[in-house]
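**Q** Got model.txt for you, compact mmCIF, C-alpha atoms:
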# COMPACT_ATOMS: atom_id res chain seq x y z
CA MET M 191 88.53 -12.55 106.57
CA SER M 192 88.15 -9.00 105.36
CA LEU M 193 86.56 -8.17 102.04
CA ASP M 194 86.32 -4.73 100.44
CA ASP M 195 83.18 -3.49 98.68
CA ALA M 196 84.45 -4.48 95.22
CA ALA M 197 85.27 -8.04 96.36
CA ILE M 198 81.84 -8.37 97.98
CA GLU M 199 80.16 -7.16 94.80
CA ARG M 200 82.11 -9.72 92.73
CA LEU M 201 81.16 -12.50 95.15
CA VAL M 202 77.49 -11.45 95.01
CA GLN M 203 77.56 -11.61 91.20
CA GLU M 204 79.24 -15.03 91.28
CA ALA M 205 76.74 -16.28 93.88
CA GLN M 206 73.86 -14.98 91.75
CA ALA M 207 75.32 -16.99 88.86
CA GLY M 208 75.06 -20.12 91.03
CA ASP M 209 78.55 -20.38 92.56
CA PRO M 210 78.10 -21.92 96.04
CA TRP M 211 81.71 -21.13 97.02
CA ALA M 212 81.04 -17.40 96.47
CA PHE M 213 77.96 -17.52 98.70
CA GLY M 214 80.02 -19.41 101.29
CA ARG M 215 82.58 -16.59 101.32
CA LEU M 216 79.78 -14.06 101.80
CA PHE M 217 78.39 -16.19 104.63
CA ASP M 218 81.82 -16.37 106.30
CA HIS M 219 82.24 -12.60 106.03
CA PHE M 220 78.81 -11.57 107.34
CA HIS M 221 77.84 -14.41 109.68
CA LEU M 222 79.36 -13.09 112.90
CA PRO M 223 78.14 -9.45 112.59
CA ILE M 224 74.63 -10.66 111.71
CA TYR M 225 74.69 -13.11 114.63
CA ARG M 226 75.82 -10.37 117.05
CA PHE M 227 73.04 -8.09 115.87
CA VAL M 228 70.42 -10.81 116.29
CA ALA M 229 71.82 -12.17 119.58
CA CYS M 230 71.53 -8.85 121.36
CA ARG M 231 67.82 -8.69 120.50
CA VAL M 232 66.61 -12.19 121.43
CA ARG M 233 66.69 -14.17 124.67
CA ARG M 234 68.30 -17.50 123.82
CA PRO M 235 71.50 -18.15 121.85
CA SER M 236 69.72 -21.00 120.08
CA ASP M 237 67.10 -18.51 118.81
CA ALA M 238 69.87 -16.19 117.63
CA GLU M 239 71.54 -19.07 115.79
CA ASP M 240 68.23 -20.10 114.20
CA LEU M 241 67.38 -16.55 113.15
CA THR M 242 70.87 -15.99 111.74
CA GLN M 243 70.52 -19.15 109.65
CA LEU M 244 67.06 -18.00 108.56
CA VAL M 245 68.53 -14.69 107.37
CA PHE M 246 71.04 -16.52 105.17
CA VAL M 247 68.40 -18.94 103.87
CA LYS M 248 66.18 -15.98 102.92
CA ALA M 249 69.20 -14.26 101.36
CA LEU M 250 70.02 -17.35 99.30
CA GLU M 251 66.39 -17.66 98.16
CA ALA M 252 66.16 -13.97 97.23
CA LEU M 253 69.67 -13.69 95.77
CA PRO M 254 68.62 -14.16 92.12
CA ARG M 255 66.35 -11.10 92.49
CA TYR M 256 68.82 -9.00 94.54
CA GLU M 257 69.77 -5.63 93.06
CA SER M 258 71.89 -3.19 95.01
CA ARG M 259 69.76 -0.06 94.27
CA GLY M 260 72.19 2.01 96.32
CA ILE M 261 72.14 -0.40 99.27
CA PRO M 262 75.20 -2.65 99.51
CA PHE M 263 74.77 -6.36 100.02
CA GLY M 264 75.68 -6.12 103.73
CA GLY M 265 73.01 -3.49 104.27
CA TRP M 266 70.49 -5.73 102.54
CA LEU M 267 71.47 -8.64 104.82
CA PHE M 268 71.07 -6.49 107.93
CA ARG M 269 67.63 -5.40 106.73
CA LEU M 270 66.70 -9.06 106.40
CA ALA M 271 68.06 -9.64 109.92
CA ARG M 272 66.22 -6.65 111.34
CA ASN M 273 62.95 -7.82 109.79
CA ALA M 274 63.51 -11.38 111.04
CA VAL M 275 64.07 -10.08 114.58
CA ILE M 276 60.98 -7.84 114.40
CA ASP M 277 58.84 -10.77 113.24
CA PHE M 278 60.30 -13.04 115.93
CA VAL M 279 59.78 -10.51 118.73
CA ARG M 280 56.22 -9.79 117.60
CA THR M 281 55.29 -13.45 117.56
CA SER M 282 57.14 -14.58 120.67
CA HIS M 283 57.38 -11.40 122.77
CA GLU M 284 61.05 -12.19 123.36
CA HIS M 285 63.68 -9.67 124.37
CA ALA M 286 67.41 -9.98 124.94
CA ASP M 287 68.29 -11.44 128.31
CA LEU M 288 71.56 -9.79 129.21
CA ALA M 289 71.78 -11.66 132.53
CA GLN M 290 72.06 -15.01 130.72
CA SER M 291 74.95 -13.65 128.68
CA VAL M 292 76.70 -12.53 131.87
CA ASP M 293 76.23 -15.93 133.51
CA ARG M 294 77.89 -17.62 130.53
CA ALA M 295 80.71 -15.09 130.35
CA ASN M 296 81.44 -15.10 134.09
CA GLY M 297 81.34 -18.80 134.85
CA ASP M 298 84.35 -18.49 137.18
CA ALA M 299 83.16 -15.38 139.03
CA GLY M 300 82.24 -15.56 142.70
CA PRO M 301 78.74 -14.89 144.07
CA ASP M 302 79.54 -11.29 145.08
CA GLU M 303 80.95 -10.46 141.66
CA LEU M 304 77.95 -12.06 139.96
CA ALA M 305 75.52 -10.11 142.15
CA VAL M 306 77.20 -6.79 141.30
CA THR M 307 77.34 -7.70 137.61
CA ARG M 308 73.65 -8.63 137.59
CA GLN M 309 72.75 -5.30 139.21
CA GLU M 310 74.74 -3.51 136.53
CA ILE M 311 73.06 -5.57 133.80
CA ASP M 312 69.62 -4.81 135.24
CA ALA M 313 70.48 -1.10 135.18
CA VAL M 314 71.65 -1.34 131.55
CA ARG M 315 68.52 -3.31 130.59
CA ALA M 316 66.30 -0.64 132.17
CA ALA M 317 68.27 2.13 130.44
CA LEU M 318 68.02 0.39 127.06
CA SER M 319 64.27 -0.11 127.47
CA ALA M 320 63.91 3.67 127.94
CA LEU M 321 65.32 4.28 124.42
CA THR M 322 63.16 4.55 121.35
CA GLU M 323 63.17 1.60 118.94
CA ASP M 324 65.21 3.63 116.43
CA GLN M 325 67.74 4.55 119.13
CA ARG M 326 68.07 0.88 120.14
CA ASP M 327 68.55 -0.11 116.50
CA ALA M 328 71.22 2.57 116.02
CA ILE M 329 73.11 1.44 119.13
CA THR M 330 72.75 -2.25 118.23
CA LEU M 331 73.91 -1.84 114.65
CA ARG M 332 76.80 0.46 115.55
CA PHE M 333 78.19 -1.23 118.65
CA PHE M 334 76.99 -4.85 118.60
CA ALA M 335 77.11 -5.47 114.85
CA GLY M 336 80.06 -3.12 114.33
CA LEU M 337 78.62 -1.21 111.37
CA SER M 338 79.71 2.28 110.42
CA ALA M 339 77.18 5.10 110.71
CA ARG M 340 76.75 5.00 106.93
CA GLU M 341 76.09 1.25 106.93
CA ALA M 342 73.66 1.53 109.85
CA ALA M 343 71.84 4.31 107.99
CA GLU M 344 71.50 2.07 104.93
CA VAL M 345 70.09 -0.76 107.05
CA MET M 346 67.63 1.53 108.85
CA GLY M 347 66.61 3.37 105.68
CA LYS M 348 67.63 6.71 107.19
CA GLN M 349 70.16 9.44 106.48
CA GLU M 350 73.61 9.00 108.03
CA GLY M 351 73.19 12.25 109.98
CA THR M 352 69.91 10.97 111.39
CA VAL M 353 71.58 7.78 112.60
CA ARG M 354 74.42 9.79 114.16
CA GLY M 355 71.81 11.93 115.91
CA LEU M 356 69.94 8.85 117.14
CA GLN M 357 73.20 7.37 118.39
CA PHE M 358 74.21 10.62 120.12
CA ARG M 359 70.82 10.98 121.84
CA ALA M 360 70.82 7.29 122.80
CA ILE M 361 74.27 7.53 124.38
CA ALA M 362 73.25 10.71 126.22
CA ALA M 363 70.05 9.01 127.45
CA LEU M 364 71.99 5.93 128.57
CA ARG M 365 74.47 8.14 130.44
CA ARG M 366 71.62 9.94 132.21
CA GLU M 367 69.80 6.70 133.07
CA LEU M 368 72.99 5.09 134.36
CA GLY M 369 74.23 8.20 136.19
CA ILE M 370 77.40 8.46 134.11
CA GLU M 371 78.78 11.98 133.84
CA GLU M 372 79.54 13.41 130.42
CA PRO M 373 83.32 13.56 129.77
CA GLU M 374 84.64 17.12 129.75
CA MET M 375 86.68 18.68 126.97
CA SER M 376 90.30 19.47 127.76
CA ASN M 377 89.46 23.14 128.39
CA GLY M 378 86.53 22.14 130.60
CA THR M 379 83.92 23.94 128.48
CA GLY M 380 81.62 21.06 127.70
CA PRO M 381 81.07 17.49 126.62
CA ILE M 382 83.17 15.86 123.96
CA GLU M 383 81.97 13.46 121.31
CA HIS M 384 82.05 9.80 122.26
CA PRO M 385 85.04 8.03 120.63
CA GLY M 386 82.66 5.55 118.95
CA MET M 387 80.72 8.33 117.24
CA SER M 388 82.66 8.31 113.96
What would you get if you wrote out this structure as structure tokens?

**A**
Amino acid sequence: MSLDDAAIERLVQEAQAGDPWAFGRLFDHFHLPIYRFVACRVRRPSDAEDLTQLVFVKALEALPRYESRGIPFGGWLFRLARNAVIDFVRTSHEHADLAQSVDRANGDAGPDELAVTRQEIDAVRAALSALTEDQRDAITLRFFAGLSAREAAEVMGKQEGTVRGLQFRAIAALRRELGIEEPEMSNGTGPIEHPGMS
């Protein structure tokens, strides 16, 4: 289900007026992106599910007081999710376990394939841990949650250009850490922008 900004705003107003169907539509629209964002930051899928539900419970409780103030409803939800993850990580010292995700996704893979995949995941985990918290947030919001640079900027409380810069530096750092060469421009004069940079 795809909703444009005007439809989301109408649903928010209807939900604020007490319409449970409107809040259900908002939940349906935002549930998966919020879950993806949370799931890549915590160890267990059950924790991600619990935190995602907590985000929507907090949103429902705070909805009567919600005002956009230049931040769209989706940005507000992602801020709630980001804060929930920060609180969870601080209290439980949990971090995403990429290897568990690989085991679930590659249930039919042989032992050699799994070993190679785990080595790659360990390398990615190490590379991600070398990023700053802001760089990790930019990458997570852009590529795991699927937000635009503008939306990620709203969630992070930063300028869009700042988020693009964080994303660019994070991708460059990940490439260096993982030993991936920068793609060359067609005339061979230098690196090109990553296709996901827009």

**Q** Set the distance at 9 Å and use only C-alpha atoms: which residues neighbour Gln206 (chain M) once local chain neighbours fewer than 5 positions away are removed? I'd like the list as a list in words.

**A** Leu201, Ala212, Phe213, Leu250, Leu253, Pro254, Arg255 and Tyr256 of chain M

**Q** To one decimal in Å, tell me the separation between CA of Arg366 (chain M) and CA of Val275 (chain M).

**A**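 Answer for the CA of Arg366 (chain M) to CA of Val275 (chain M) separation: 27.7 Å.
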
**Q** Could you please determine the separation between CA of Trp211 (chain M) and CA of Asp195 (chain M) in Å, to one decimal place?

**A**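 A separation of 17.8 Å between them.
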
**Q** In Å, rounded to a single decimal, give me how far CA of Val245 (chain M) is from CA of Arg269 (chain M).

**A**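 Calculated distance between CA of Arg269 (chain M) and CA of Val245 (chain M) is 9.4 Å.
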
**Q** For a quick check of understanding, using only C-alpha atoms, which of M:Ala274, M:Ala360, M:Ala205, M:Gly347 has the smallest distance to Ala320 (chain M)?

**A** M:Ala360

**Q** For Phe333 (chain M), which of M:Ala252, M:Val345, M:Val279, M:Gln357 is the closest residue, counting all atoms listed in the file?

**A** M:Gln357

**Q** Using all atoms listed in the file, which of the listed residues (M:Phe227, M:Ser258, M:Leu368, M:Ile276) sits closest to Ala328 (chain M)?

**A**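 Checking each of M:Phe227, M:Ser258, M:Leu368, M:Ile276 against Ala328 (chain M), counting all atoms listed in the file, the winner is M:Phe227.
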
**Q** Counting all atoms listed in the file, I want the residues whose atoms come within 12 Å of (72.1, 4.8, 127.0) in the file frame, returned as number ranges by chain.

**A** M: 313-322, 325-326, 328-330, 333, 356-372

**Q** Which one of M:Gln309, M:Asn273, M:Gln203, M:Gln349 sits closest to Leu216 (chain M) if you count only C-alpha atoms?

**A**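 For Leu216 (chain M), the nearest of the candidates is M:Gln203.
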
**Q** What are the centre and edge lengths in Å, to one decimal, of the axis-aligned box around all listed atoms of region 352-364 of chain M with 4 Å added on each side, as AutoDock Vina command-line options?

**A**
--center_x 72.2 --center_y 8.9 --center_z 120.0 --size_x 12.5 --size_y 14.0 --size_z 25.2

**Q** Excluding same-chain residues fewer than 4 positions from Tyr225 (chain M), what lies within 12 Å of it counting only C-alpha atoms, as JSON, numbers by chain?

**A** {"M": [217, 218, 219, 220, 221, 229, 230, 231, 232, 235, 236, 237, 238, 239, 240, 241, 242, 243, 244, 245, 246, 267, 268, 271, 272, 274, 275, 330, 331, 334, 335, 336]}

**Q** Could you turn the residues from that selection into a file that holds C-alpha atoms, as a PDB file, in the frame of the given file?

**A**
ATOM      1  CA  PHE M 217      78.390 -16.190 104.630  1.00  0.00           C
ATOM      2  CA  ASP M 218      81.820 -16.370 106.300  1.00  0.00           C
ATOM      3  CA  HIS M 219      82.240 -12.600 106.030  1.00  0.00           C
ATOM      4  CA  PHE M 220      78.810 -11.570 107.340  1.00  0.00           C
ATOM      5  CA  HIS M 221      77.840 -14.410 109.680  1.00  0.00           C
ATOM      6  CA  ALA M 229      71.820 -12.170 119.580  1.00  0.00           C
ATOM      7  CA  CYS M 230      71.530  -8.850 121.360  1.00  0.00           C
ATOM      8  CA  ARG M 231      67.820  -8.690 120.500  1.00  0.00           C
ATOM      9  CA  VAL M 232      66.610 -12.190 121.430  1.00  0.00           C
ATOM     10  CA  PRO M 235      71.500 -18.150 121.850  1.00  0.00           C
ATOM     11  CA  SER M 236      69.720 -21.000 120.080  1.00  0.00           C
ATOM     12  CA  ASP M 237      67.100 -18.510 118.810  1.00  0.00           C
ATOM     13  CA  ALA M 238      69.870 -16.190 117.630  1.00  0.00           C
ATOM     14  CA  GLU M 239      71.540 -19.070 115.790  1.00  0.00           C
ATOM     15  CA  ASP M 240      68.230 -20.100 114.200  1.00  0.00           C
ATOM     16  CA  LEU M 241      67.380 -16.550 113.150  1.00  0.00           C
ATOM     17  CA  THR M 242      70.870 -15.990 111.740  1.00  0.00           C
ATOM     18  CA  GLN M 243      70.520 -19.150 109.650  1.00  0.00           C
ATOM     19  CA  LEU M 244      67.060 -18.000 108.560  1.00  0.00           C
ATOM     20  CA  VAL M 245      68.530 -14.690 107.370  1.00  0.00           C
ATOM     21  CA  PHE M 246      71.040 -16.520 105.170  1.00  0.00           C
ATOM     22  CA  LEU M 267      71.470  -8.640 104.820  1.00  0.00           C
ATOM     23  CA  PHE M 268      71.070  -6.490 107.930  1.00  0.00           C
ATOM     24  CA  ALA M 271      68.060  -9.640 109.920  1.00  0.00           C
ATOM     25  CA  ARG M 272      66.220  -6.650 111.340  1.00  0.00           C
ATOM     26  CA  ALA M 274      63.510 -11.380 111.040  1.00  0.00           C
ATOM     27  CA  VAL M 275      64.070 -10.080 114.580  1.00  0.00           C
ATOM     28  CA  THR M 330      72.750  -2.250 118.230  1.00  0.00           C
ATOM     29  CA  LEU M 331      73.910  -1.840 114.650  1.00  0.00           C
ATOM     30  CA  PHE M 334      76.990  -4.850 118.600  1.00  0.00           C
ATOM     31  CA  ALA M 335      77.110  -5.470 114.850  1.00  0.00           C
ATOM     32  CA  GLY M 336      80.060  -3.120 114.330  1.00  0.00           C
TER      33      GLY M 336
END

**Q** Have a look at M:Leu193, M:Arg233, M:Asp209, M:Glu310 and name the one nearest to Phe278 (chain M); count all atoms listed in the file.

**A**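 Counting all atoms listed in the file, the residue closest to Phe278 (chain M) is M:Arg233.
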
**Q** Nearest to Ala249 (chain M) among M:Arg234, M:Asp327, M:Leu270, M:Gly351, with distances taken over only C-alpha atoms: which residue is it?

**A**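 Looking at the shortest contact to Ala249 (chain M), the residue is M:Leu270.
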